[in-house]
file target_38.csv (CSV, C-alpha atoms)
chain,number,residue,atom,x,y,z
A,1,MET,CA,67.5,60.3,200.9
A,2,LYS,CA,69.6,63.1,199.7
A,3,LYS,CA,70.7,63.8,203.3
A,4,ALA,CA,71.6,60.2,203.8
A,5,LEU,CA,73.7,60.2,200.7
A,6,ILE,CA,75.6,63.3,201.8
A,7,LEU,CA,76.0,61.8,205.3
A,8,SER,CA,77.4,58.5,203.9
A,9,ALA,CA,79.7,60.3,201.6
A,10,ALA,CA,81.0,62.3,204.5
A,11,LEU,CA,81.5,59.1,206.5
A,12,MET,CA,83.3,57.5,203.6
A,13,ALA,CA,85.6,60.5,203.3
A,14,GLY,CA,86.2,60.2,207.1
A,15,ILE,CA,87.1,56.5,206.7
A,16,VAL,CA,89.5,57.3,203.8
A,17,THR,CA,91.4,59.9,205.7
A,18,GLY,CA,90.7,58.1,209.0
A,19,GLY,CA,93.6,57.2,211.1
A,20,VAL,CA,95.5,60.0,209.6
A,21,THR,CA,95.2,63.3,211.4
A,22,LYS,CA,94.4,66.2,209.2
A,23,ALA,CA,97.4,67.9,207.5
A,24,ASP,CA,97.3,71.6,208.0
A,25,THR,CA,98.0,74.1,205.3
A,26,TYR,CA,100.7,76.7,205.9
A,27,VAL,CA,101.3,79.8,203.8
A,28,ILE,CA,105.0,80.7,203.4
A,29,ASP,CA,105.6,83.9,205.3
A,30,THR,CA,107.1,86.0,202.5
A,31,LYS,CA,105.2,89.0,203.8
A,32,GLY,CA,107.2,89.0,207.0
A,33,ALA,CA,110.2,87.7,205.1
A,34,HIS,CA,110.8,84.7,207.3
A,35,ALA,CA,111.7,82.8,204.2
A,36,SER,CA,114.3,83.0,201.4
A,37,ILE,CA,115.4,81.3,198.3
A,38,ASN,CA,119.1,81.5,198.0
A,39,PHE,CA,121.7,80.4,195.5
A,40,ASN,CA,125.3,79.8,195.6
A,41,ILE,CA,127.7,79.4,192.7
A,42,LYS,CA,131.4,79.2,192.5
A,43,HIS,CA,133.1,82.3,190.9
A,44,LEU,CA,135.9,81.0,188.7
A,45,GLY,CA,136.3,78.3,191.3
A,46,TYR,CA,137.9,80.9,193.6
A,47,SER,CA,135.0,82.0,195.8
A,48,ASN,CA,131.3,81.5,196.5
A,49,LEU,CA,128.9,83.9,195.0
A,50,ARG,CA,125.6,84.1,196.8
A,51,GLY,CA,122.3,85.6,195.7
A,52,ARG,CA,118.6,85.2,196.1
A,53,PHE,CA,115.2,85.6,194.6
A,54,ASP,CA,113.4,88.4,196.3
A,55,LYS,CA,109.9,87.6,195.2
A,56,PHE,CA,108.3,84.3,195.6
A,57,GLU,CA,105.2,82.7,197.2
A,58,GLY,CA,104.1,79.3,198.2
A,59,GLU,CA,102.4,77.1,200.7
A,60,PHE,CA,102.8,73.6,202.2
A,61,THR,CA,100.8,71.1,204.0
A,62,PHE,CA,102.3,69.5,207.1
A,63,ASP,CA,101.2,66.9,209.5
A,64,GLU,CA,103.6,66.3,212.3
A,65,ALA,CA,102.1,62.8,212.9
A,66,ASN,CA,102.5,61.9,209.3
A,67,PRO,CA,105.2,64.0,207.7
A,68,GLU,CA,105.4,61.9,204.6
A,69,ALA,CA,102.0,63.2,203.6
A,70,SER,CA,103.4,66.7,203.4
A,71,SER,CA,103.5,68.6,200.2
A,72,VAL,CA,104.9,71.9,199.1
A,73,LEU,CA,104.3,74.3,196.2
A,74,VAL,CA,106.5,77.4,195.6
A,75,THR,CA,106.3,79.9,192.7
A,76,ILE,CA,109.3,82.2,192.1
A,77,ASP,CA,109.4,85.5,190.2
A,78,THR,CA,112.6,84.9,188.3
A,79,SER,CA,113.0,88.6,187.5
A,80,SER,CA,113.5,89.3,191.2
A,81,VAL,CA,116.9,87.7,191.1
A,82,ASN,CA,119.3,89.7,193.3
A,83,SER,CA,123.0,89.1,193.5
A,84,ASN,CA,123.6,92.6,195.0
A,85,HIS,CA,124.9,93.9,191.6
A,86,ALA,CA,122.4,95.6,189.3
A,87,GLU,CA,124.3,95.0,186.0
A,88,ARG,CA,124.9,91.3,186.8
A,89,ASP,CA,121.3,90.9,187.8
A,90,ASN,CA,120.3,92.2,184.3
A,91,HIS,CA,122.6,89.7,182.7
A,92,LEU,CA,121.1,86.9,184.9
A,93,ARG,CA,117.6,88.0,183.6
A,94,SER,CA,118.7,87.8,180.0
A,95,ALA,CA,118.4,84.9,177.6
A,96,ASP,CA,122.0,83.9,178.6
A,97,PHE,CA,120.6,82.7,182.0
A,98,LEU,CA,117.0,82.9,183.3
A,99,ASN,CA,115.4,84.3,180.2
A,100,VAL,CA,112.8,86.0,182.4
A,101,SER,CA,110.9,87.7,179.5
A,102,GLU,CA,110.0,84.3,178.2
A,103,TYR,CA,109.8,82.4,181.5
A,104,PRO,CA,108.9,84.9,184.3
A,105,THR,CA,108.2,82.2,186.9
A,106,ALA,CA,109.9,79.1,188.2
A,107,THR,CA,108.0,76.6,190.3
A,108,PHE,CA,108.7,73.7,192.6
A,109,LYS,CA,105.9,71.2,193.2
A,110,SER,CA,106.6,68.3,195.5
A,111,THR,CA,105.7,64.8,194.3
A,112,LYS,CA,107.0,62.7,197.2
A,113,VAL,CA,108.3,63.3,200.8
A,114,THR,CA,110.5,60.7,202.4
A,115,VAL,CA,111.3,61.0,206.1
A,116,ASN,CA,114.5,59.6,207.5
A,117,GLY,CA,113.6,60.4,211.1
A,118,ASP,CA,114.9,63.0,213.5
A,119,GLY,CA,113.3,65.8,211.5
A,120,GLN,CA,115.4,64.9,208.4
A,121,GLY,CA,114.0,64.0,205.0
A,122,VAL,CA,114.0,64.3,201.3
A,123,ILE,CA,111.4,66.3,199.3
A,124,THR,CA,111.2,65.0,195.7
A,125,GLY,CA,109.5,67.3,193.3
A,126,ASP,CA,109.4,68.9,189.9
A,127,LEU,CA,111.4,72.1,189.5
A,128,THR,CA,110.5,74.2,186.4
A,129,LEU,CA,113.1,76.7,185.5
A,130,ASN,CA,113.8,78.4,182.2
A,131,GLY,CA,110.9,76.4,180.8
A,132,VAL,CA,112.5,73.1,181.6
A,133,THR,CA,110.9,70.7,184.2
A,134,ARG,CA,113.0,68.2,186.0
A,135,SER,CA,112.7,66.1,189.1
A,136,ILE,CA,115.0,67.1,191.9
A,137,ASP,CA,115.6,66.0,195.5
A,138,ILE,CA,115.7,68.6,198.2
A,139,VAL,CA,117.5,67.4,201.4
A,140,ALA,CA,115.3,69.0,204.0
A,141,SER,CA,115.1,69.3,207.7
A,142,HIS,CA,112.5,70.5,210.1
A,143,VAL,CA,113.9,73.4,212.0
A,144,GLY,CA,111.1,73.9,214.5
A,145,GLY,CA,107.5,74.8,214.9
A,146,GLY,CA,104.7,75.7,217.3
A,147,GLN,CA,102.8,78.7,218.7
A,148,ASP,CA,104.1,82.1,217.7
A,149,PRO,CA,103.8,85.0,220.2
A,150,TRP,CA,101.0,86.7,218.2
A,151,GLY,CA,98.3,84.0,218.3
A,152,GLY,CA,99.4,82.0,215.2
A,153,HIS,CA,101.0,78.7,214.6
A,154,ARG,CA,104.2,78.3,212.5
A,155,GLN,CA,106.4,75.5,211.1
A,156,GLY,CA,109.9,76.1,209.6
A,157,PHE,CA,112.1,74.1,207.4
A,158,THR,CA,115.4,74.4,205.6
A,159,GLY,CA,116.3,72.5,202.4
A,160,THR,CA,119.2,72.3,200.0
A,161,THR,CA,119.7,70.9,196.5
A,162,THR,CA,122.2,71.2,193.7
A,163,ILE,CA,121.2,71.6,190.1
A,164,ALA,CA,123.3,71.7,187.0
A,165,LEU,CA,122.7,74.8,184.9
A,166,ALA,CA,122.9,72.8,181.6
A,167,ASP,CA,120.0,70.6,182.8
A,168,TYR,CA,117.8,73.7,182.6
A,169,GLY,CA,119.1,74.9,179.2
A,170,ILE,CA,121.4,77.5,180.7
A,171,ASP,CA,124.6,77.0,178.8
A,172,PHE,CA,126.4,80.4,179.2
A,173,ASN,CA,130.0,79.3,180.0
A,174,LEU,CA,131.0,80.5,183.4
A,175,GLY,CA,133.9,78.2,183.6
A,176,PRO,CA,134.5,74.6,184.6
A,177,ALA,CA,134.0,75.2,188.3
A,178,SER,CA,130.7,77.0,187.8
A,179,LYS,CA,128.5,74.5,186.2
A,180,GLU,CA,126.3,73.8,189.2
A,181,VAL,CA,124.3,76.0,191.5
A,182,GLU,CA,123.4,75.1,195.1
A,183,LEU,CA,119.9,76.2,196.1
A,184,THR,CA,119.0,76.7,199.7
A,185,LEU,CA,115.5,77.3,200.8
A,186,GLU,CA,114.6,78.7,204.1
A,187,VAL,CA,110.9,78.4,204.7
A,188,GLU,CA,108.6,79.4,207.5
A,189,GLY,CA,104.8,78.8,207.1
A,190,ILE,CA,101.9,80.3,209.0
A,191,LYS,CA,99.0,77.8,209.7
A,192,GLN,CA,95.8,78.9,208.0
B,1,MET,CA,138.3,129.6,160.1
B,2,ALA,CA,136.3,131.3,162.8
B,3,LEU,CA,135.7,129.5,166.1
B,4,LYS,CA,132.1,130.8,166.4
B,5,ASN,CA,129.2,130.4,164.0
B,6,THR,CA,128.1,133.2,161.8
B,7,LYS,CA,124.6,133.5,160.4
B,8,ASP,CA,125.9,132.0,157.2
B,9,GLN,CA,128.3,129.3,158.3
B,10,TYR,CA,129.3,127.0,161.1
B,11,GLY,CA,132.4,127.8,163.1
B,12,SER,CA,135.1,125.2,163.7
B,13,VAL,CA,134.0,124.5,167.3
B,14,ALA,CA,130.5,123.4,166.2
B,15,LYS,CA,132.0,121.3,163.4
B,16,TRP,CA,134.5,119.5,165.5
B,17,MET,CA,132.0,118.8,168.3
B,18,HIS,CA,129.5,117.5,165.6
B,19,TRP,CA,132.0,115.0,164.1
B,20,ILE,CA,133.5,113.9,167.4
B,21,SER,CA,130.0,113.2,168.8
B,22,ALA,CA,129.0,111.4,165.6
B,23,LEU,CA,132.0,109.1,165.8
B,24,THR,CA,131.6,108.5,169.5
B,25,ILE,CA,127.9,107.7,169.2
B,26,ILE,CA,128.5,105.1,166.5
B,27,GLY,CA,131.5,103.7,168.4
B,28,LEU,CA,129.5,103.4,171.7
B,29,PHE,CA,126.7,101.7,169.9
B,30,ALA,CA,129.0,99.2,168.4
B,31,LEU,CA,130.9,98.7,171.7
B,32,GLY,CA,127.6,98.2,173.5
B,33,LEU,CA,126.5,95.5,171.1
B,34,TRP,CA,129.9,93.8,171.0
B,35,MET,CA,130.5,93.8,174.8
B,36,ARG,CA,127.2,92.0,175.4
B,37,SER,CA,128.3,89.2,173.0
B,38,LEU,CA,131.5,88.5,174.8
B,39,SER,CA,132.1,85.2,176.6
B,40,TYR,CA,132.9,85.3,180.3
B,41,TYR,CA,136.5,84.4,179.8
B,42,ASP,CA,137.1,87.0,177.1
B,43,PRO,CA,139.8,89.5,178.1
B,44,TRP,CA,137.4,92.4,177.2
B,45,TYR,CA,134.5,91.1,179.3
B,46,LYS,CA,135.4,93.6,182.1
B,47,ASP,CA,137.1,96.3,180.2
B,48,GLY,CA,134.4,96.6,177.5
B,49,PRO,CA,131.7,97.8,179.8
B,50,ASP,CA,134.2,99.9,181.8
B,51,LEU,CA,135.1,101.7,178.6
B,52,HIS,CA,131.4,102.0,177.5
B,53,ARG,CA,130.4,103.7,180.7
B,54,SER,CA,133.5,106.0,180.8
B,55,ILE,CA,133.2,107.1,177.2
B,56,GLY,CA,129.4,107.5,177.7
B,57,VAL,CA,130.0,110.0,180.5
B,58,VAL,CA,132.5,112.0,178.4
B,59,LEU,CA,130.0,112.0,175.5
B,60,ALA,CA,127.2,113.3,177.9
B,61,VAL,CA,129.5,116.2,178.8
B,62,LEU,CA,130.3,116.9,175.2
B,63,ILE,CA,126.6,116.9,174.2
B,64,LEU,CA,125.8,119.3,177.1
B,65,ALA,CA,128.7,121.5,175.8
B,66,ARG,CA,127.2,121.4,172.3
B,67,LEU,CA,123.9,122.5,173.7
B,68,VAL,CA,125.5,125.4,175.5
B,69,TRP,CA,127.5,126.3,172.5
B,70,ARG,CA,124.4,126.2,170.4
B,71,TRP,CA,122.7,128.8,172.6
B,72,MET,CA,125.7,131.0,172.5
B,73,ASN,CA,125.9,131.0,168.7
B,74,PRO,CA,123.7,132.0,165.8
B,75,GLN,CA,122.3,129.1,163.8
B,76,PRO,CA,123.4,129.4,160.2
B,77,HIS,CA,120.6,129.2,157.7
B,78,ASP,CA,120.8,128.2,154.1
B,79,PRO,CA,118.3,130.2,152.0
B,80,ALA,CA,118.3,127.4,149.5
B,81,HIS,CA,116.4,125.2,151.9
B,82,ALA,CA,112.7,124.8,151.6
B,83,ARG,CA,110.6,125.6,154.7
B,84,TRP,CA,109.6,121.9,155.2
B,85,GLU,CA,113.3,120.9,155.1
B,86,ARG,CA,114.1,123.4,157.8
B,87,VAL,CA,111.3,122.1,160.0
B,88,VAL,CA,112.2,118.4,159.5
B,89,ALA,CA,115.9,119.2,160.1
B,90,SER,CA,115.3,121.2,163.2
B,91,TRP,CA,113.0,118.5,164.7
B,92,THR,CA,115.7,115.9,163.9
B,93,HIS,CA,118.4,117.9,165.6
B,94,GLY,CA,116.1,118.6,168.7
B,95,LEU,CA,115.1,114.9,168.9
B,96,PHE,CA,118.8,113.9,168.9
B,97,TYR,CA,119.4,116.0,172.1
B,98,VAL,CA,116.2,114.6,173.8
B,99,LEU,CA,117.0,111.0,172.9
B,100,LEU,CA,120.7,111.2,173.8
B,101,PHE,CA,120.0,112.7,177.3
B,102,ALA,CA,117.4,110.0,177.9
B,103,LEU,CA,119.9,107.4,176.8
B,104,PHE,CA,122.6,108.8,179.2
B,105,ILE,CA,120.2,108.8,182.1
B,106,ALA,CA,118.9,105.3,181.4
B,107,GLY,CA,122.5,104.0,181.1
B,108,PHE,CA,123.5,105.7,184.3
B,109,LEU,CA,120.5,104.1,186.1
B,110,ILE,CA,121.4,100.6,185.0
B,111,SER,CA,124.9,100.8,186.6
B,112,THR,CA,123.8,102.7,189.7
B,113,ALA,CA,120.4,101.1,190.6
B,114,ASP,CA,122.1,99.1,193.3
B,115,GLY,CA,123.7,102.2,194.9
B,116,ARG,CA,127.1,101.7,193.3
B,117,SER,CA,128.7,104.8,191.8
B,118,MET,CA,129.8,105.0,188.1
B,119,ASP,CA,133.5,104.9,187.6
B,120,VAL,CA,134.9,107.1,184.8
B,121,PHE,CA,138.3,105.8,183.5
B,122,GLY,CA,139.4,105.2,187.1
B,123,LEU,CA,139.8,108.9,187.5
B,124,PHE,CA,136.6,109.8,189.4
B,125,SER,CA,133.2,108.4,190.0
B,126,ILE,CA,129.6,109.7,189.9
B,127,PRO,CA,127.6,108.6,192.9
B,128,SER,CA,124.3,106.8,192.5
B,129,VAL,CA,121.2,109.0,192.6
B,130,ILE,CA,118.3,106.5,192.6
B,131,LYS,CA,118.8,103.2,194.4
B,132,GLN,CA,115.8,100.9,193.7
B,133,ALA,CA,115.7,97.1,193.4
B,134,GLY,CA,114.8,96.1,189.9
B,135,LEU,CA,115.3,99.6,188.4
B,136,GLU,CA,118.1,98.3,186.3
B,137,LYS,CA,115.7,96.0,184.4
B,138,THR,CA,113.5,98.9,183.1
B,139,ALA,CA,116.4,101.2,182.6
B,140,GLY,CA,118.2,98.5,180.6
B,141,GLU,CA,115.2,97.9,178.3
B,142,ILE,CA,114.8,101.7,177.7
B,143,HIS,CA,118.6,102.1,177.1
B,144,GLU,CA,118.5,99.5,174.4
B,145,ILE,CA,115.4,100.9,172.7
B,146,LEU,CA,116.8,104.4,172.8
B,147,ALA,CA,120.2,103.3,171.4
B,148,PHE,CA,118.6,101.8,168.4
B,149,THR,CA,116.3,104.8,168.0
B,150,VAL,CA,119.3,107.2,168.0
B,151,ILE,CA,121.1,105.1,165.4
B,152,GLY,CA,117.8,105.1,163.3
B,153,LEU,CA,117.6,108.9,163.6
B,154,ALA,CA,121.3,109.1,162.6
B,155,VAL,CA,120.6,107.1,159.4
B,156,PHE,CA,117.7,109.5,158.7
B,157,HIS,CA,120.0,112.5,159.3
B,158,VAL,CA,122.7,111.0,157.0
B,159,ILE,CA,120.1,110.4,154.3
B,160,GLY,CA,119.0,114.0,154.6
B,161,ALA,CA,122.5,115.3,154.2
B,162,LEU,CA,123.2,113.0,151.2
B,163,LYS,CA,119.9,114.2,149.6
B,164,HIS,CA,121.1,117.7,149.8
B,165,HIS,CA,124.6,116.8,148.4
B,166,VAL,CA,123.6,114.4,145.7
B,167,ILE,CA,120.1,115.4,144.6
B,168,ASP,CA,119.9,119.1,145.4
B,169,LYS,CA,123.6,119.6,144.9
B,170,ASP,CA,123.7,122.3,147.6
B,171,ARG,CA,126.4,123.0,150.2
B,172,THR,CA,124.5,121.5,153.2
B,173,LEU,CA,127.0,118.7,153.7
B,174,LEU,CA,130.0,120.6,152.6
B,175,ARG,CA,129.5,123.4,155.1
B,176,MET,CA,129.9,120.9,157.9
B,177,LEU,CA,133.4,120.0,156.6
B,178,PRO,CA,136.5,122.0,157.4
B,179,GLU,CA,136.8,125.0,155.0
B,180,ARG,CA,139.2,124.4,152.2
B,181,LYS,CA,142.1,126.8,152.0
B,182,LYS,CA,141.8,129.1,149.0
call {"tool": "encode", "arguments": {"input": "target_38.csv", "output": "structure tokens"}}
result
Amino acid sequence: MKKALILSAALMAGIVTGGVTKADTYVIDTKGAHASINFNIKHLGYSNLRGRFDKFEGEFTFDEANPEASSVLVTIDTSSVNSNHAERDNHLRSADFLNVSEYPTATFKSTKVTVNGDGQGVITGDLTLNGVTRSIDIVASHVGGGQDPWGGHRQGFTGTTTIALADYGIDFNLGPASKEVELTLEVEGIKQ
Amino acid sequence: MALKNTKDQYGSVAKWMHWISALTIIGLFALGLWMRSLSYYDPWYKDGPDLHRSIGVVLAVLILARLVWRWMNPQPHDPAHARWERVVASWTHGLFYVLLFALFIAGFLISTADGRSMDVFGLFSIPSVIKQAGLEKTAGEIHEILAFTVIGLAVFHVIGALKHHVIDKDRTLLRMLPERKK
């Protein structure tokens, strides 16, 4: 009886997910540094200042046959901000910007994936930064994927979004040209 | 007035170095607090930290010179002081040197953690010694704590001097001032 129940439950589960091939889980290859979270902000409106977060981790699910079922979760160590200038990075960590002592992590958790075809799509999700959670759209594209030379399987994506600093409670005035930050995520995952 | 200390009184070199470093330490503390409160478009946003670093390096050299001068000179003793007063005073003075050098090192590490050198008044620069990602964060926290501790110790030092001047009515404070012409 018990066995039959388990069997039918397993069958039911098979029906529910049936017709959909199994989405694989990929861990973002931060260990091998085939991933980066980069930001770009205008300096005075005269140039682009680029930086990145050195420490983060995450994983995503991806099914090539049904990419809209994909999901992604990324956790960023905000104190790892690196703009290649130690004093500026300390300022970025302070309460004027990332407030890392109070909010040491930022997260992105996808809620919906829309595919426009040709490997392009939009990942909608909640970005939590400086303690504020807001829904953002990341314009993403599938860069490539397949076997790697070392017996594993990888998939890679690139995504871009723009956020307004004020939306996340960051109101230090950097000037009228520097109210928005462009975030670029380069992600390569290893199939588990 | 004699340049060097005698066993009864401080010489002019020790007195001048004392008062110049006192003013510089207070000035650097105020500048440090103020420069961090400036807005990005403030004309002092860049010059404030540049001055703070440059003056800090000069102060480090001055404090080192004081230490050398201290070793080269006798330490005047006032027989009117109780034994516990001498012990507390000598610990206070020693702690000043320890805290200040730790403060200088922490400050230097903030600015040079990314491998940049530290510029001094645009005249010369001191190369980075330790390049380590994220070092500036710890160094910055330590620098801030030490700065407040030094100012706290200075308040204690001033209270001690005033106690001698007002309550004990001895010459402890007066002997640090320039000698009056007879």
call {"tool": "interface_residues", "arguments": {"input": "target_38.csv", "of": "chain B", "to": "chain A", "cutoff": "7 Å", "atoms": "only C-alpha atoms", "output": "MDAnalysis selection string"}}
result
chainID B and resid 40 110:111 113:114 136:137
call {"tool": "atom_distance", "arguments": {"input": "target_38.csv", "atom1": "CA of Gly189 in chain A", "atom2": "CA of Gly156 in chain A"}}
result
6.3 Å
call {"tool": "residues_around", "arguments": {"input": "target_38.csv", "residues": "Thr161 in chain A", "least_positions_apart": "2", "cutoff": "10 Å", "atoms": "all atoms listed in the file", "output": "compact mmCIF listing (two decimals) with C-alpha atoms, in the frame of the given file"}}
result
# COMPACT_ATOMS: atom_id res chain seq x y z
CA PHE A 39 121.70 80.40 195.50
CA VAL A 122 114.00 64.30 201.30
CA ILE A 123 111.40 66.30 199.30
CA ILE A 136 115.00 67.10 191.90
CA ASP A 137 115.60 66.00 195.50
CA ILE A 138 115.70 68.60 198.20
CA VAL A 139 117.50 67.40 201.40
CA ALA A 140 115.30 69.00 204.00
CA GLY A 159 116.30 72.50 202.40
CA ILE A 163 121.20 71.60 190.10
CA VAL A 181 124.30 76.00 191.50
CA GLU A 182 123.40 75.10 195.10
CA LEU A 183 119.90 76.20 196.10
CA THR A 184 119.00 76.70 199.70
CA LEU A 185 115.50 77.30 200.80
call {"tool": "residues_around", "arguments": {"input": "target_38.csv", "residues": "Tyr46 in chain A", "least_positions_apart": "5", "cutoff": "12 Å", "atoms": "only C-alpha atoms", "output": "number ranges by chain"}}
result
A: 41, 175-178
call {"tool": "residues_around", "arguments": {"input": "target_38.csv", "residues": "Leu33 in chain B", "least_positions_apart": "5", "cutoff": "12 Å", "atoms": "all atoms listed in the file", "output": "short mmCIF file (atom, residue, chain, number, x, y, z; two decimals) with C-alpha atoms, keeping the file's coordinate frame"}}
result
data_model
loop_
_atom_site.label_atom_id
_atom_site.label_comp_id
_atom_site.auth_asym_id
_atom_site.auth_seq_id
_atom_site.Cartn_x
_atom_site.Cartn_y
_atom_site.Cartn_z
CA ILE B 26 128.50 105.10 166.50
CA GLY B 27 131.50 103.70 168.40
CA LEU B 28 129.50 103.40 171.70
CA LEU B 38 131.50 88.50 174.80
CA GLY B 48 134.40 96.60 177.50
CA PRO B 49 131.70 97.80 179.80
CA HIS B 52 131.40 102.00 177.50
CA HIS B 143 118.60 102.10 177.10
CA GLU B 144 118.50 99.50 174.40
CA ALA B 147 120.20 103.30 171.40
CA PHE B 148 118.60 101.80 168.40
#
call {"tool": "atom_distance", "arguments": {"input": "target_38.csv", "atom1": "CA of Ala23 in chain A", "atom2": "CA of Phe56 in chain A"}}
result
23.0 Å
call {"tool": "residues_around", "arguments": {"input": "target_38.csv", "residues": "Ala33 in chain A", "least_positions_apart": "4", "cutoff": "9 Å", "atoms": "all atoms listed in the file", "output": "JSON, numbers by chain"}}
result
{"A": [28, 29, 188]}
call {"tool": "residues_around", "arguments": {"input": "target_38.csv", "residues": "Asn130 in chain A", "least_positions_apart": "4", "cutoff": "12 Å", "atoms": "all atoms listed in the file", "output": "JSON list (two decimals) with C-alpha atoms, in the coordinates of the input"}}
result
[["chain", "number", "residue", "atom", "x", "y", "z"],
["A", 76, "ILE", "CA", 109.30, 82.20, 192.10],
["A", 77, "ASP", "CA", 109.40, 85.50, 190.20],
["A", 78, "THR", "CA", 112.60, 84.90, 188.30],
["A", 79, "SER", "CA", 113.00, 88.60, 187.50],
["A", 92, "LEU", "CA", 121.10, 86.90, 184.90],
["A", 93, "ARG", "CA", 117.60, 88.00, 183.60],
["A", 94, "SER", "CA", 118.70, 87.80, 180.00],
["A", 95, "ALA", "CA", 118.40, 84.90, 177.60],
["A", 96, "ASP", "CA", 122.00, 83.90, 178.60],
["A", 97, "PHE", "CA", 120.60, 82.70, 182.00],
["A", 98, "LEU", "CA", 117.00, 82.90, 183.30],
["A", 99, "ASN", "CA", 115.40, 84.30, 180.20],
["A", 100, "VAL", "CA", 112.80, 86.00, 182.40],
["A", 101, "SER", "CA", 110.90, 87.70, 179.50],
["A", 102, "GLU", "CA", 110.00, 84.30, 178.20],
["A", 103, "TYR", "CA", 109.80, 82.40, 181.50],
["A", 104, "PRO", "CA", 108.90, 84.90, 184.30],
["A", 105, "THR", "CA", 108.20, 82.20, 186.90],
["A", 106, "ALA", "CA", 109.90, 79.10, 188.20],
["A", 107, "THR", "CA", 108.00, 76.60, 190.30],
["A", 134, "ARG", "CA", 113.00, 68.20, 186.00],
["A", 165, "LEU", "CA", 122.70, 74.80, 184.90],
["A", 166, "ALA", "CA", 122.90, 72.80, 181.60],
["A", 167, "ASP", "CA", 120.00, 70.60, 182.80],
["A", 168, "TYR", "CA", 117.80, 73.70, 182.60],
["A", 169, "GLY", "CA", 119.10, 74.90, 179.20],
["A", 170, "ILE", "CA", 121.40, 77.50, 180.70],
["A", 171, "ASP", "CA", 124.60, 77.00, 178.80]]
call {"tool": "atom_distance", "arguments": {"input": "target_38.csv", "atom1": "CA of Phe62 in chain A", "atom2": "CA of Asp24 in chain A"}}
result
5.5 Å
